file query_24.cif (mmCIF, C-alpha atoms)
data_protein
loop_
_atom_site.group_PDB
_atom_site.id
_atom_site.type_symbol
_atom_site.label_atom_id
_atom_site.label_comp_id
_atom_site.auth_asym_id
_atom_site.auth_seq_id
_atom_site.Cartn_x
_atom_site.Cartn_y
_atom_site.Cartn_z
ATOM 1 C CA MET A 16 -82.795 13.596 23.106
ATOM 2 C CA SER A 17 -85.457 16.039 24.064
ATOM 3 C CA ALA A 18 -85.114 19.755 23.566
ATOM 4 C CA ARG A 19 -85.615 22.310 26.294
ATOM 5 C CA THR A 20 -86.602 25.948 25.999
ATOM 6 C CA VAL A 21 -83.693 28.202 26.916
ATOM 7 C CA THR A 22 -84.198 31.907 27.585
ATOM 8 C CA VAL A 23 -81.131 34.104 27.925
ATOM 9 C CA ARG A 24 -80.530 37.831 27.806
ATOM 10 C CA VAL A 25 -77.865 38.072 25.108
ATOM 11 C CA ASN A 26 -76.230 41.435 24.521
ATOM 12 C CA GLY A 27 -79.160 43.091 26.255
ATOM 13 C CA VAL A 28 -81.900 41.302 24.283
ATOM 14 C CA VAL A 29 -84.004 38.462 25.710
ATOM 15 C CA ARG A 30 -83.813 35.478 23.369
ATOM 16 C CA THR A 31 -85.755 32.226 23.672
ATOM 17 C CA GLU A 32 -84.917 29.164 21.583
ATOM 18 C CA GLU A 33 -85.001 25.396 21.897
ATOM 19 C CA SER A 34 -81.781 23.582 22.778
ATOM 20 C CA GLU A 35 -80.851 19.958 23.192
ATOM 21 C CA HIS A 36 -79.583 19.085 26.671
ATOM 22 C CA HIS A 37 -76.079 18.348 25.335
ATOM 23 C CA THR A 38 -75.699 21.557 23.266
ATOM 24 C CA THR A 39 -72.973 23.866 24.490
ATOM 25 C CA LEU A 40 -73.576 27.558 24.962
ATOM 26 C CA ALA A 41 -71.086 28.224 22.144
ATOM 27 C CA GLU A 42 -73.061 26.041 19.733
ATOM 28 C CA HIS A 43 -76.354 27.565 20.889
ATOM 29 C CA LEU A 44 -75.082 31.095 20.319
ATOM 30 C CA ARG A 45 -73.777 30.243 16.852
ATOM 31 C CA THR A 46 -76.624 28.059 15.571
ATOM 32 C CA ALA A 47 -79.856 28.865 17.369
ATOM 33 C CA LEU A 48 -79.144 32.563 17.941
ATOM 34 C CA ARG A 49 -76.979 33.116 14.823
ATOM 35 C CA LEU A 50 -74.327 35.036 16.741
ATOM 36 C CA THR A 51 -71.264 33.729 14.944
ATOM 37 C CA GLY A 52 -68.671 35.993 16.552
ATOM 38 C CA THR A 53 -68.048 33.416 19.266
ATOM 39 C CA HIS A 54 -65.635 30.899 17.774
ATOM 40 C CA ILE A 55 -65.300 27.250 18.719
ATOM 41 C CA GLY A 56 -61.676 26.167 18.738
ATOM 42 C CA CYS A 57 -60.532 23.345 20.979
ATOM 43 C CA GLY A 58 -63.836 22.346 22.583
ATOM 44 C CA SER A 59 -62.049 21.747 25.877
ATOM 45 C CA GLY A 60 -61.634 25.246 27.352
ATOM 46 C CA ASP A 61 -57.948 25.550 26.507
ATOM 47 C CA CYS A 62 -57.823 28.053 23.623
ATOM 48 C CA GLY A 63 -60.125 30.882 24.769
ATOM 49 C CA ALA A 64 -61.669 31.527 21.330
ATOM 50 C CA CYS A 65 -65.166 30.923 22.729
ATOM 51 C CA VAL A 66 -64.970 33.205 25.781
ATOM 52 C CA VAL A 67 -68.157 35.128 26.550
ATOM 53 C CA LEU A 68 -69.327 36.901 29.673
ATOM 54 C CA LEU A 69 -71.863 34.918 31.675
ATOM 55 C CA ASP A 70 -73.451 37.130 34.318
ATOM 56 C CA GLY A 71 -70.492 39.466 33.842
ATOM 57 C CA GLU A 72 -67.725 36.894 34.265
ATOM 58 C CA PRO A 73 -65.622 35.376 31.458
ATOM 59 C CA VAL A 74 -66.316 31.705 30.738
ATOM 60 C CA CYS A 75 -65.364 29.303 27.988
ATOM 61 C CA SER A 76 -68.737 28.813 26.338
ATOM 62 C CA CYS A 77 -67.624 25.434 24.978
ATOM 63 C CA LEU A 78 -67.676 24.163 28.577
ATOM 64 C CA VAL A 79 -71.093 25.541 29.543
ATOM 65 C CA LEU A 80 -74.288 23.878 28.398
ATOM 66 C CA ALA A 81 -76.912 26.146 26.889
ATOM 67 C CA VAL A 82 -79.431 24.918 29.452
ATOM 68 C CA GLN A 83 -77.086 26.111 32.225
ATOM 69 C CA ALA A 84 -77.374 29.649 30.829
ATOM 70 C CA ASP A 85 -81.177 29.625 31.041
ATOM 71 C CA GLY A 86 -82.341 32.783 32.813
ATOM 72 C CA ARG A 87 -78.882 34.339 32.780
ATOM 73 C CA GLU A 88 -77.099 37.238 31.076
ATOM 74 C CA VAL A 89 -74.634 36.557 28.225
ATOM 75 C CA THR A 90 -72.418 39.101 26.508
ATOM 76 C CA THR A 91 -70.705 38.025 23.298
ATOM 77 C CA VAL A 92 -68.105 39.849 21.249
ATOM 78 C CA GLU A 93 -70.995 41.327 19.236
ATOM 79 C CA GLY A 94 -72.283 42.918 22.446
ATOM 80 C CA LEU A 95 -69.043 44.810 23.002
ATOM 81 C CA ALA A 96 -69.477 46.991 19.934
ATOM 82 C CA GLY A 97 -70.359 50.568 20.707
ATOM 83 C CA GLY A 98 -71.760 53.379 18.571
ATOM 84 C CA GLY A 99 -70.409 52.137 15.255
ATOM 85 C CA GLY A 100 -66.715 52.758 15.880
ATOM 86 C CA LEU A 101 -63.995 50.480 17.142
ATOM 87 C CA THR A 102 -63.814 49.782 20.863
ATOM 88 C CA ARG A 103 -60.588 50.696 22.645
ATOM 89 C CA GLU A 104 -59.697 46.989 22.739
ATOM 90 C CA GLN A 105 -60.168 46.647 18.976
ATOM 91 C CA ARG A 106 -58.164 49.826 18.334
ATOM 92 C CA ALA A 107 -55.351 48.559 20.553
ATOM 93 C CA LEU A 108 -55.155 45.238 18.682
ATOM 94 C CA VAL A 109 -55.028 47.039 15.335
ATOM 95 C CA GLU A 110 -52.514 49.674 16.440
ATOM 96 C CA GLU A 111 -50.206 47.139 18.089
ATOM 97 C CA HIS A 112 -50.450 44.598 15.247
ATOM 98 C CA GLY A 113 -51.945 41.998 17.579
ATOM 99 C CA LEU A 114 -54.111 40.419 14.869
ATOM 100 C CA GLN A 115 -53.464 37.930 12.157
ATOM 101 C CA CYS A 116 -56.057 35.297 11.261
ATOM 102 C CA GLY A 117 -58.538 36.623 13.860
ATOM 103 C CA PHE A 118 -59.813 33.243 15.032
ATOM 104 C CA CYS A 119 -58.830 33.797 18.659
ATOM 105 C CA THR A 120 -59.690 37.502 18.610
ATOM 106 C CA PRO A 121 -63.331 37.355 19.835
ATOM 107 C CA GLY A 122 -62.402 35.612 23.072
ATOM 108 C CA LEU A 123 -59.435 37.898 23.581
ATOM 109 C CA LEU A 124 -61.596 41.003 23.059
ATOM 110 C CA VAL A 125 -64.111 39.749 25.624
ATOM 111 C CA ARG A 126 -61.331 39.137 28.156
ATOM 112 C CA MET A 127 -59.793 42.561 27.447
ATOM 113 C CA ALA A 128 -63.149 44.313 27.860
ATOM 114 C CA HIS A 129 -63.797 42.458 31.110
ATOM 115 C CA ALA A 130 -60.382 43.449 32.456
ATOM 116 C CA ALA A 131 -60.892 47.135 31.623
ATOM 117 C CA GLY A 132 -60.940 49.036 34.887
ATOM 118 C CA ARG A 133 -60.400 45.886 36.949
ATOM 119 C CA GLY A 134 -56.638 45.546 36.648
ATOM 120 C CA GLY A 135 -55.307 42.030 36.458
ATOM 121 C CA GLY A 136 -52.714 42.908 33.831
ATOM 122 C CA GLU A 137 -51.544 40.902 30.875
ATOM 123 C CA GLU A 138 -51.414 37.572 32.641
ATOM 124 C CA GLY A 139 -55.001 37.848 33.810
ATOM 125 C CA VAL A 140 -56.218 38.687 30.315
ATOM 126 C CA LEU A 141 -54.091 36.113 28.532
ATOM 127 C CA ALA A 142 -54.667 33.232 30.940
ATOM 128 C CA GLY A 143 -56.436 30.499 29.015
ATOM 129 C CA HIS A 144 -55.946 32.191 25.666
ATOM 130 C CA LEU A 145 -53.920 30.651 22.830
ATOM 131 C CA CYS A 146 -52.909 32.374 19.622
ATOM 132 C CA ARG A 147 -51.185 30.290 17.002
ATOM 133 C CA CYS A 148 -50.553 33.076 14.486
ATOM 134 C CA THR A 149 -49.084 36.277 15.870
ATOM 135 C CA GLY A 150 -46.916 35.321 18.746
ATOM 136 C CA TYR A 151 -47.660 37.453 21.738
ATOM 137 C CA VAL A 152 -45.617 40.638 21.311
ATOM 138 C CA GLY A 153 -48.420 42.567 19.588
ATOM 139 C CA ILE A 154 -51.138 41.019 21.717
ATOM 140 C CA ARG A 155 -49.337 41.869 24.973
ATOM 141 C CA ALA A 156 -48.746 45.426 23.762
ATOM 142 C CA ALA A 157 -52.440 45.717 22.840
ATOM 143 C CA VAL A 158 -53.506 44.500 26.278
ATOM 144 C CA ARG A 159 -51.222 47.086 27.907
ATOM 145 C CA ARG A 160 -52.460 49.857 25.567
ATOM 146 C CA SER A 161 -56.082 48.939 26.186
ATOM 147 C CA ALA A 162 -55.553 48.985 29.955
ATOM 148 C CA GLY A 163 -53.810 52.365 29.668
ATOM 149 C CA ASP A 164 -56.804 53.725 27.789
ATOM 150 C CA ALA A 165 -59.275 52.302 30.316
ATOM 151 C CA GLY A 166 -60.302 55.765 31.495
ATOM 152 C CA ALA A 167 -61.115 56.914 27.961
ATOM 153 C CA GLY A 168 -64.509 56.322 26.343
ATOM 154 C CA ARG A 169 -65.019 53.477 23.938
#
call {"tool": "encode", "arguments": {"input": "query_24.cif", "output": "structure tokens"}}
result
Amino acid sequence: MSARTVTVRVNGVVRTEESEHHTTLAEHLRTALRLTGTHIGCGSGDCGACVVLLDGEPVCSCLVLAVQADGREVTTVEGLAGGGGLTREQRALVEEHGLQCGFCTPGLLVRMAHAAGRGGGEEGVLAGHLCRCTGYVGIRAAVRRSAGDAGAGR
């Protein structure tokens, strides 16, 4: 296969790297760009671990080819971090005991951040997200807490 140059603005920084035509955006982020916060779980868009924002909208990056992101804006879980402290979404997950192994957490944080100020509630955030460790009591409480804190700064 031949490689193609892919240029994306990732977390506010323009990045250009080569990518094979069959490489997913998730693989490209993790290998070529060394942004390992995006996790690859199921590879079929069912678990939500790989969710990133593509032009501001949540997508399963295991279902998007890197070449499809050429010229576009990507925000990963690393791009959510603010001035050194925890984001309100991270605080909510900690305070509500919505974490265990952390594998699904990056995608969940991206969905929670996207939902902030947009409404959509728990179901909108949790749609397409699977957690095999915690159950959903803590996660649901964290989503509600995060939404309640939406007016506060990060």
call {"tool": "resolve_selection", "arguments": {"input": "query_24.cif", "expression": "the PyMOL selection byres ((chain A and resi 117) around 10)", "output": "ChimeraX atom specification"}}
result
/A:54,64,113-116,118-121,123,146,148-149
call {"tool": "write_last_selection", "arguments": {"input": "query_24.cif", "atoms": "C-alpha atoms", "output": "short mmCIF file (atom, residue, chain, number, x, y, z; two decimals), in the frame of the given file"}}
result
data_model
loop_
_atom_site.label_atom_id
_atom_site.label_comp_id
_atom_site.auth_asym_id
_atom_site.auth_seq_id
_atom_site.Cartn_x
_atom_site.Cartn_y
_atom_site.Cartn_z
CA HIS A 54 -65.64 30.90 17.77
CA ALA A 64 -61.67 31.53 21.33
CA GLY A 113 -51.94 42.00 17.58
CA LEU A 114 -54.11 40.42 14.87
CA GLN A 115 -53.46 37.93 12.16
CA CYS A 116 -56.06 35.30 11.26
CA PHE A 118 -59.81 33.24 15.03
CA CYS A 119 -58.83 33.80 18.66
CA THR A 120 -59.69 37.50 18.61
CA PRO A 121 -63.33 37.35 19.84
CA LEU A 123 -59.44 37.90 23.58
CA CYS A 146 -52.91 32.37 19.62
CA CYS A 148 -50.55 33.08 14.49
CA THR A 149 -49.08 36.28 15.87
#
call {"tool": "atom_distance", "arguments": {"input": "query_24.cif", "atom1": "CA of Ala96 (chain A)", "atom2": "CA of His112 (chain A)"}}
result
19.7 Å
call {"tool": "closest_residue", "arguments": {"input": "query_24.cif", "among": "A:Arg155, A:His129, A:Arg24, A:Arg160", "to": "Gly86 (chain A)", "atoms": "all atoms listed in the file"}}
result
A:Arg24
call {"tool": "atom_distance", "arguments": {"input": "query_24.cif", "atom1": "CA of Thr91 (chain A)", "atom2": "CA of Gly71 (chain A)"}}
result
10.6 Å
call {"tool": "atom_distance", "arguments": {"input": "query_24.cif", "atom1": "CA of Glu42 (chain A)", "atom2": "CA of Val140 (chain A)"}}
result
23.6 Å
call {"tool": "closest_residue", "arguments": {"input": "query_24.cif", "among": "A:Val125, A:Ala47, A:Cys65, A:Leu40", "to": "Leu80 (chain A)", "atoms": "only C-alpha atoms"}}
result
A:Leu40
call {"tool": "residues_around", "arguments": {"input": "query_24.cif", "residues": "Val25 (chain A)", "least_positions_apart": "3", "cutoff": "6 Å", "atoms": "only C-alpha atoms", "output": "tab-separated table (two decimals) with C-alpha atoms, in the coordinates of the input"}}
result
chain	number	residue	atom	x	y	z
A	28	VAL	CA	-81.90	41.30	24.28
A	89	VAL	CA	-74.63	36.56	28.22
A	90	THR	CA	-72.42	39.10	26.51
call {"tool": "resolve_selection", "arguments": {"input": "query_24.cif", "expression": "the PyMOL selection byres ((chain A and resi 34) around 6)", "output": "ChimeraX atom specification"}}
result
/A:18-19,33,35
call {"tool": "residues_around", "arguments": {"input": "query_24.cif", "residues": "Arg126 (chain A)", "least_positions_apart": "4", "cutoff": "12 Å", "atoms": "all atoms listed in the file", "output": "number ranges by chain"}}
result
A: 63-69, 71-75, 90-92, 95, 104-105, 119-122, 130-144, 158, 161-162
call {"tool": "residues_around", "arguments": {"input": "query_24.cif", "residues": "His43 (chain A)", "least_positions_apart": "3", "cutoff": "12 Å", "atoms": "all atoms listed in the file", "output": "JSON, numbers by chain"}}
result
{"A": [19, 20, 21, 22, 23, 25, 30, 31, 32, 33, 34, 35, 36, 37, 38, 39, 40, 46, 47, 48, 49, 50, 51, 53, 54, 55, 65, 76, 77, 79, 80, 81, 82, 83, 84, 85, 89]}
call {"tool": "closest_residue", "arguments": {"input": "query_24.cif", "among": "A:Ala157, A:Cys57, A:Leu44, A:Val29", "to": "Leu108 (chain A)", "atoms": "all atoms listed in the file"}}
result
A:Ala157
call {"tool": "closest_residue", "arguments": {"input": "query_24.cif", "among": "A:Leu78, A:Asp70, A:Glu88, A:Gly58", "to": "Asn26 (chain A)", "atoms": "only C-alpha atoms"}}
result
A:Glu88
call {"tool": "closest_residue", "arguments": {"input": "query_24.cif", "among": "A:Arg45, A:Ala156, A:Gly52, A:Leu124", "to": "Thr102 (chain A)", "atoms": "only C-alpha atoms"}}
result
A:Leu124
call {"tool": "closest_residue", "arguments": {"input": "query_24.cif", "among": "A:Ala41, A:Ala128, A:Gly60, A:Ser17", "to": "Ala107 (chain A)", "atoms": "all atoms listed in the file"}}
result
A:Ala128
call {"tool": "decode", "arguments": {"input": "query_24.cif", "residues": "region 100-124 of chain A", "atoms": "N, CA, C and O atoms", "output": "short mmCIF file (atom, residue, chain, number, x, y, z; two decimals), in the first residue's frame"}}
result
data_model
loop_
_atom_site.label_atom_id
_atom_site.label_comp_id
_atom_site.auth_asym_id
_atom_site.auth_seq_id
_atom_site.Cartn_x
_atom_site.Cartn_y
_atom_site.Cartn_z
N GLY A 100 -5.01 21.44 36.17
CA GLY A 100 -5.89 20.78 37.12
C GLY A 100 -6.84 19.83 36.41
O GLY A 100 -6.82 19.70 35.19
N LEU A 101 -7.66 19.17 37.19
CA LEU A 101 -8.66 18.28 36.61
C LEU A 101 -9.78 19.08 35.97
O LEU A 101 -10.17 20.13 36.47
N THR A 102 -10.31 18.56 34.88
CA THR A 102 -11.50 19.17 34.28
C THR A 102 -12.70 18.82 35.14
O THR A 102 -12.64 17.92 35.98
N ARG A 103 -13.81 19.50 34.94
CA ARG A 103 -15.01 19.18 35.73
C ARG A 103 -15.46 17.75 35.47
O ARG A 103 -15.97 17.09 36.36
N GLU A 104 -15.28 17.26 34.24
CA GLU A 104 -15.66 15.88 33.93
C GLU A 104 -14.79 14.89 34.69
O GLU A 104 -15.29 13.90 35.25
N GLN A 105 -13.48 15.14 34.73
CA GLN A 105 -12.58 14.27 35.49
C GLN A 105 -12.91 14.30 36.98
O GLN A 105 -12.96 13.25 37.63
N ARG A 106 -13.14 15.49 37.51
CA ARG A 106 -13.49 15.62 38.93
C ARG A 106 -14.77 14.84 39.24
O ARG A 106 -14.87 14.15 40.24
N ALA A 107 -15.76 14.96 38.37
CA ALA A 107 -17.03 14.27 38.58
C ALA A 107 -16.82 12.75 38.60
O ALA A 107 -17.38 12.06 39.46
N LEU A 108 -16.02 12.22 37.69
CA LEU A 108 -15.77 10.78 37.68
C LEU A 108 -15.07 10.32 38.95
O LEU A 108 -15.39 9.27 39.51
N VAL A 109 -14.12 11.11 39.43
CA VAL A 109 -13.42 10.76 40.67
C VAL A 109 -14.37 10.84 41.86
O VAL A 109 -14.47 9.91 42.67
N GLU A 110 -15.09 11.95 41.97
CA GLU A 110 -15.96 12.17 43.13
C GLU A 110 -17.12 11.20 43.20
O GLU A 110 -17.58 10.85 44.29
N GLU A 111 -17.58 10.73 42.05
CA GLU A 111 -18.72 9.81 42.02
C GLU A 111 -18.29 8.35 41.87
O GLU A 111 -19.12 7.47 41.67
N HIS A 112 -17.00 8.10 41.96
CA HIS A 112 -16.46 6.73 41.87
C HIS A 112 -16.87 6.06 40.56
O HIS A 112 -17.27 4.90 40.54
N GLY A 113 -16.76 6.81 39.47
CA GLY A 113 -17.13 6.31 38.15
C GLY A 113 -15.96 5.74 37.38
O GLY A 113 -16.04 5.57 36.17
N LEU A 114 -14.86 5.44 38.07
CA LEU A 114 -13.66 4.92 37.41
C LEU A 114 -13.29 3.57 38.00
O LEU A 114 -13.52 3.32 39.18
N GLN A 115 -12.73 2.73 37.20
CA GLN A 115 -12.10 1.54 37.73
C GLN A 115 -10.84 1.29 36.92
O GLN A 115 -9.82 1.84 37.23
N CYS A 116 -10.90 0.51 35.86
CA CYS A 116 -9.66 0.25 35.11
C CYS A 116 -9.24 1.46 34.27
O CYS A 116 -8.07 1.63 33.99
N GLY A 117 -10.19 2.28 33.84
CA GLY A 117 -9.88 3.49 33.08
C GLY A 117 -9.80 3.31 31.58
O GLY A 117 -9.59 4.27 30.86
N PHE A 118 -9.99 2.09 31.08
CA PHE A 118 -9.85 1.87 29.64
C PHE A 118 -10.89 2.65 28.84
O PHE A 118 -10.58 3.25 27.82
N CYS A 119 -12.12 2.67 29.32
CA CYS A 119 -13.18 3.36 28.58
C CYS A 119 -13.22 4.86 28.88
O CYS A 119 -13.91 5.62 28.19
N THR A 120 -12.49 5.29 29.88
CA THR A 120 -12.58 6.66 30.38
C THR A 120 -12.28 7.74 29.33
O THR A 120 -13.00 8.75 29.29
N PRO A 121 -11.26 7.61 28.48
CA PRO A 121 -11.00 8.69 27.52
C PRO A 121 -12.20 9.02 26.64
O PRO A 121 -12.56 10.18 26.47
N GLY A 122 -12.83 7.99 26.09
CA GLY A 122 -13.99 8.23 25.24
C GLY A 122 -15.15 8.83 26.01
O GLY A 122 -15.86 9.71 25.51
N LEU A 123 -15.34 8.37 27.23
CA LEU A 123 -16.40 8.91 28.07
C LEU A 123 -16.14 10.38 28.39
O LEU A 123 -17.05 11.21 28.32
N LEU A 124 -14.90 10.73 28.71
CA LEU A 124 -14.57 12.13 29.00
C LEU A 124 -14.82 13.02 27.79
O LEU A 124 -15.33 14.14 27.93
#
